[in-house]
Structures are given as structure tokens and as C-alpha cells.
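Report on the following structure.
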Amino acid sequence: MAAAPNPRRVLVSATHKSSGKTTVAIGLCRALRDRGLAVQAFKKGPDYIDPMWLTTATGRRCRNLDPYLSEAAEYRGTFRRHAATADVCVVEGNKGLYDGLALDGSNSNAALAKALGLPVVLVIDSRGMTRGIAPLILGYQAFDRDVRIAGVILNNLGGSRHEAKLRMVVEHYTDVPVLGALQCDPRLGIAERHLGLTPSNEADGAEQRVAAIGAVVGAQVDLDLLLRIASDVPPLAVPGDAVADPYPPAAVPDLRIGVAQDRAFGFYYADDLDALRAAGATLVGIDTLGDSQLPSVDGLFIGGGFPELHAAELEANSALRTRIRGAIDAGLPVYAECGGLMYLARSLTYKGQTHRMVGAIPGDVVMHDRPVGRGYVNLERTPDFPWTEAEAGGAAVRAHEFHYSSIDNLPADLRYAYTVKRGHGVDGRRDGIVVRNVLASYAHMRSAGGNDWAARFVDFVRHADYRRPRQDNIVYLPPARGREAAVL
């Protein structure tokens, strides 16, 4: 498909968190796709779970746009590259339209809308509202006149009478069109848990659920009007944007990196996987729940997820745990984030049940009822940072964390890759446990904003003192057919 010079695009945002914007965005993406359109979804900010559902809805990998972890030219370039082959782009915001870390709103959804010329579709949780919806909309318009609120979608309506009243109020007091009105409907629900929605890689019948949401949203939202709004956008090109693909696949990959990809682990950014390939890695999918053998790999990447919900299965797969532990003892380079750190620990306790994990990290993980670390983090590399030694000391790193667990009983002489300047990490002061050739942290990285962790890790793998051992208790096999595609 030829590159679209000025792609159709909208931002789906809301007045506040938990207004239903994710469900609406999923439904819009699938409804537009069902019309035969190529739909590219984007998610603002740090998030893994919503992009999984948006990927299911569109059939194309959702991309994250993060004004805090990326430079403006980077996220604009990301948007332009992936919008170029789509008929329409749907960007889902996070939290409320004007919410963000910075007081001046520079990393808010509204700022992203202005940077990318995105007309805003505002999802309003309308439960219990009548005439009060008018000053709400007017206030959102007046707060920043440079943000174009092009339409509203009324959500969680109590019936046809409630809808009629709200439409009358909005039309009488504002100039904002009502694009749709969604009645309370159990078909629109996606189960939630402590980190948000249940990921699509765990949900039974995710494709069927998305299809049902698309049918409901498509029937109750004026898609023709939405497409007209998406077409009425300013030129997208901005001088200085890096539109060339920064992560073209390596011509000749020279090493293999295993990626844990299953119901327990699935938190990976598409751009970071691209960056690993660009650095020379072939990605090999590993199922920590079902695989008894460790494939023939030079390194291992275990991302975040929900190992606590699958702890019994992870413990039961002692064959793979033993082989991973043996490979680590032999020097296998491993990078683990959050859930991956939990899996590599000695044990994992959740709801009073303790299960054995890999045991490469000399500590015990305990789940709590409330978040231990949550939000953006600022880190500083220590001399023990194991990758790219020349840049180790004093280098600042931005990342994010969201974990309900802590890791206890760690030895006093344990090495750490990071000092925590903002956030919690392992103990409020340090993060990035270093054991042999393992780097495991609660922080989630992005290969952006000068923090090209993927290339550093691949370089570390390439030069690590590791030889694949051939022992009776460590068996290496090629990946099963189709497993590489699992991490695409």
C-alpha cells in the first residue's frame, strides 16, 4: 500500500480513568476493520495489556507512543511510519485527556493530540448524568482551545430515555456532535485484575470477545461521521522527524535470543522486539508453562506478565526451570523485567501459597494487596551495570514500573545495576539485580530516548563468556515450528 501523505486519525480519550475508553477503542478498531479498512492502533503511554487487545482488534501490532520515555521526534516518527500503510489510525489515550506527569501537561493526552494533529473523541462515563454533562464538555473545550474535541461518545447509558436526555443537552448547550451512545451491555465487559484488564493472551475466546465488542460499538457509533472527523486533520509532517525505520531487521542475524511468550509472560513492546532483531537477533519463542526443553539460544529475555497466577504451573514444569537454572549457572546472558525477575527468584508466594521458581536469584518474591511500585521511574546506572561498560557510571535511565510484589531475603552483598532516583525498584534505593550474566529489574525499559537497551543487550550476548553446555540435565533443541512467529 502506498504511504498515506496525511493519514486519517483520531485520539480516543476520556474525562477520567475507567470511563470505558479502552473498550470503545477496541470496538472502533474492530468495527472499522470489519468495513475492510486497514486500521493501525496506537496506545499512549506505558502499557502492555491494552495494546494486546488492540492488536487482536486490528490484526496489526499496536504501537506505543510515550512522550515521557521518547523524544518528540521519535514518537512522531513512530506514528508516521506505522500510519503510512493504514487507512485510518486510532490512538487510545491513558487516564483522562488532560492528565499527565508534568504540571504543564507536556506529556498529557492533550499534548499528544496537538503534536500529532489528532481530533479528540471524548468518551464520557454518563452514569447518573443529565444536564451536568454540558458544563463538563464546555470545561474540557475551554481548558485548552488548541485541543479539538471533535465528538463525544456517551458510555454506560441507562436506557433510551437517558440517551435522549443527554443528546438533547449536548446539542442544546455545545457544538460538539454526539458520535455514539453505548448502553450498559455485558457484552462490552472485559474482566479486570490488579494491573488492569485481563491480557488477551490469557482470556478465553479473546477473538470472539473482540468481535462482539466491535459489533456492539459499530452498531451504536456513527462510523461515517467518525471517518469524516478522522479525515479533517492538519498536515502531519514536521521538520526534523525521523521517519526512516530505526530498526530494520539485520541482514544476517548472528545470534538467537529466547523470548518467554505464553499465558504467564507477554509484556513486550513491539518496537523493542524490532530493536532486538535490528541488532542481529533471531527471536525464539519459549513457553515457560509447556516447554520441557530449552531451545538452542545465546541469550534469554523474560518480560513482564502474571507469573503469580500461573505459579503452580511454573513450579510443575521443573524440567524447564532446571534447564534455565543450569544455563544461567553456565553463563547464559539473561534480561528479565518484573515478572521475569519473579520467575528467576527462589520462590513466589501469592495468597498464602508458596511455589518454587528458577532459583537463579537468591531471593523470595511475595505478592501484596496494594502496589509496591507504580509509575515512571528515573534510574542511574552503577559501576555494576553489566552492559556497555564505557557508559555504565552515572548514565540516567527513564523507565516505568507497576508491581504488587517485593523480593525478600536478598543477601547483603548482592550487586545492583541501578540506583533509584524516582520510583521504588527492589527496595526503594536500588534496582537491577546482577547475578552472573543475569540483569533482572522491576523497571520496564523502552528502546527510546537514548536508552537503546535492546542493542546493548544483544552486544552483551554477543560478547558474553558463555558456551552452550551439553549436559544430561541441560538439553537444547531448536524451536518448535511456528514458535518464532509467536513473538512477532
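Chain labels run A, B, ... following the order of the C-alpha cells; each chain numbers its residues from 1, and ligands are numbered from 1 in the order shown.
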Legend entry - Close residues, region 153-159 of chain A itself excluded, 8 Å, only C-alpha atoms, min 6 positions apart in chain, as a count of residues only: 18
Just the residues within 8 Å of Asp262 (chain A), please, counting only C-alpha atoms, with nothing from its chain fewer than 6 positions along; format it as a PDB file with C-alpha atoms, in the first residue's frame.
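The result, stored in selection_29.pdb:
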ATOM      1  CA  ASN A 201      -3.171 -13.871  25.768  1.00  0.00           C
ATOM      2  CA  ILE A 286       9.611 -20.149  24.703  1.00  0.00           C
ATOM      3  CA  ASP A 287       6.562 -21.427  26.597  1.00  0.00           C
ATOM      4  CA  THR A 288       7.519 -21.498  30.272  1.00  0.00           C
ATOM      5  CA  LEU A 289       4.364 -23.449  31.072  1.00  0.00           C
TER       6      LEU A 289
END
Inset, instruction - Considering only C-alpha atoms, return as a ChimeraX atom specification whatever protein or nucleic-acid residues lie within 6 Å of region 344-359 of chain A, sequence-local ones (same chain, fewer than 5 positions apart) excluded. - result: /A:315,321,325,364-367
For those residues, write N, CA and C atoms to a file as an mmCIF file, in the first residue's frame.
data_model
loop_
_atom_site.group_PDB
_atom_site.id
_atom_site.type_symbol
_atom_site.label_atom_id
_atom_site.label_comp_id
_atom_site.auth_asym_id
_atom_site.auth_seq_id
_atom_site.Cartn_x
_atom_site.Cartn_y
_atom_site.Cartn_z
ATOM 1 N N GLU A 315 5.907 -23.922 38.627
ATOM 2 C CA GLU A 315 6.616 -24.833 39.527
ATOM 3 C C GLU A 315 6.576 -26.266 38.988
ATOM 4 N N ARG A 321 12.579 -25.293 34.338
ATOM 5 C CA ARG A 321 13.222 -24.478 35.376
ATOM 6 C C ARG A 321 14.651 -24.960 35.636
ATOM 7 N N ARG A 325 18.029 -22.779 34.947
ATOM 8 C CA ARG A 325 18.979 -22.549 36.050
ATOM 9 C C ARG A 325 20.362 -23.060 35.657
ATOM 10 N N ASP A 364 13.243 -14.255 47.644
ATOM 11 C CA ASP A 364 11.900 -14.820 47.646
ATOM 12 C C ASP A 364 10.884 -13.721 47.385
ATOM 13 N N VAL A 365 10.038 -13.930 46.396
ATOM 14 C CA VAL A 365 9.056 -12.932 45.988
ATOM 15 C C VAL A 365 7.748 -13.138 46.740
ATOM 16 N N VAL A 366 7.176 -12.031 47.210
ATOM 17 C CA VAL A 366 5.899 -12.055 47.917
ATOM 18 C C VAL A 366 4.969 -11.049 47.270
ATOM 19 N N MET A 367 3.760 -11.503 46.938
ATOM 20 C CA MET A 367 2.749 -10.607 46.382
ATOM 21 C C MET A 367 1.996 -9.904 47.498
#
Legend entry - For region 26-31 of chain A: contacts at 6 Å, only C-alpha atoms, fewer than 3 positions along chain excluded, given as number ranges by chain: A: 23, 34, 54, 57-58, 213-214, 217-218
Residue selection dump (C-alpha atoms) as a CSV table (one decimal), in the first residue's frame:
chain,number,residue,atom,x,y,z
A,23,THR,CA,-13.4,-0.9,25.3
A,34,ASP,CA,-14.9,-5.1,9.6
A,54,LEU,CA,-5.9,-3.5,20.2
A,57,ALA,CA,-8.9,-6.0,17.2
A,58,THR,CA,-6.8,-4.7,14.2
A,213,ILE,CA,-17.4,-5.6,21.1
A,214,GLY,CA,-16.9,-4.5,17.6
A,217,VAL,CA,-19.8,-0.4,19.1
A,218,GLY,CA,-20.2,-0.5,15.3
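On the backbone of this structure, DSSP gives alpha helix (DSSP H) within region 257-327 of chain A to Ala270, Asp271, Asp272, Leu273, Asp274, Ala275, Leu276, Arg277, Ala278, Ala311, Ala312, Glu313, Leu314, Glu315, Ala316, Ser318, Ala319, Leu320, Arg321, Thr322, Arg323, Ile324, Arg325, Gly326 and Ala327 of chain A.
Across the structure, CA of His162 (chain A) and CA of Arg131 (chain A) are spaced 10.9 Å apart.
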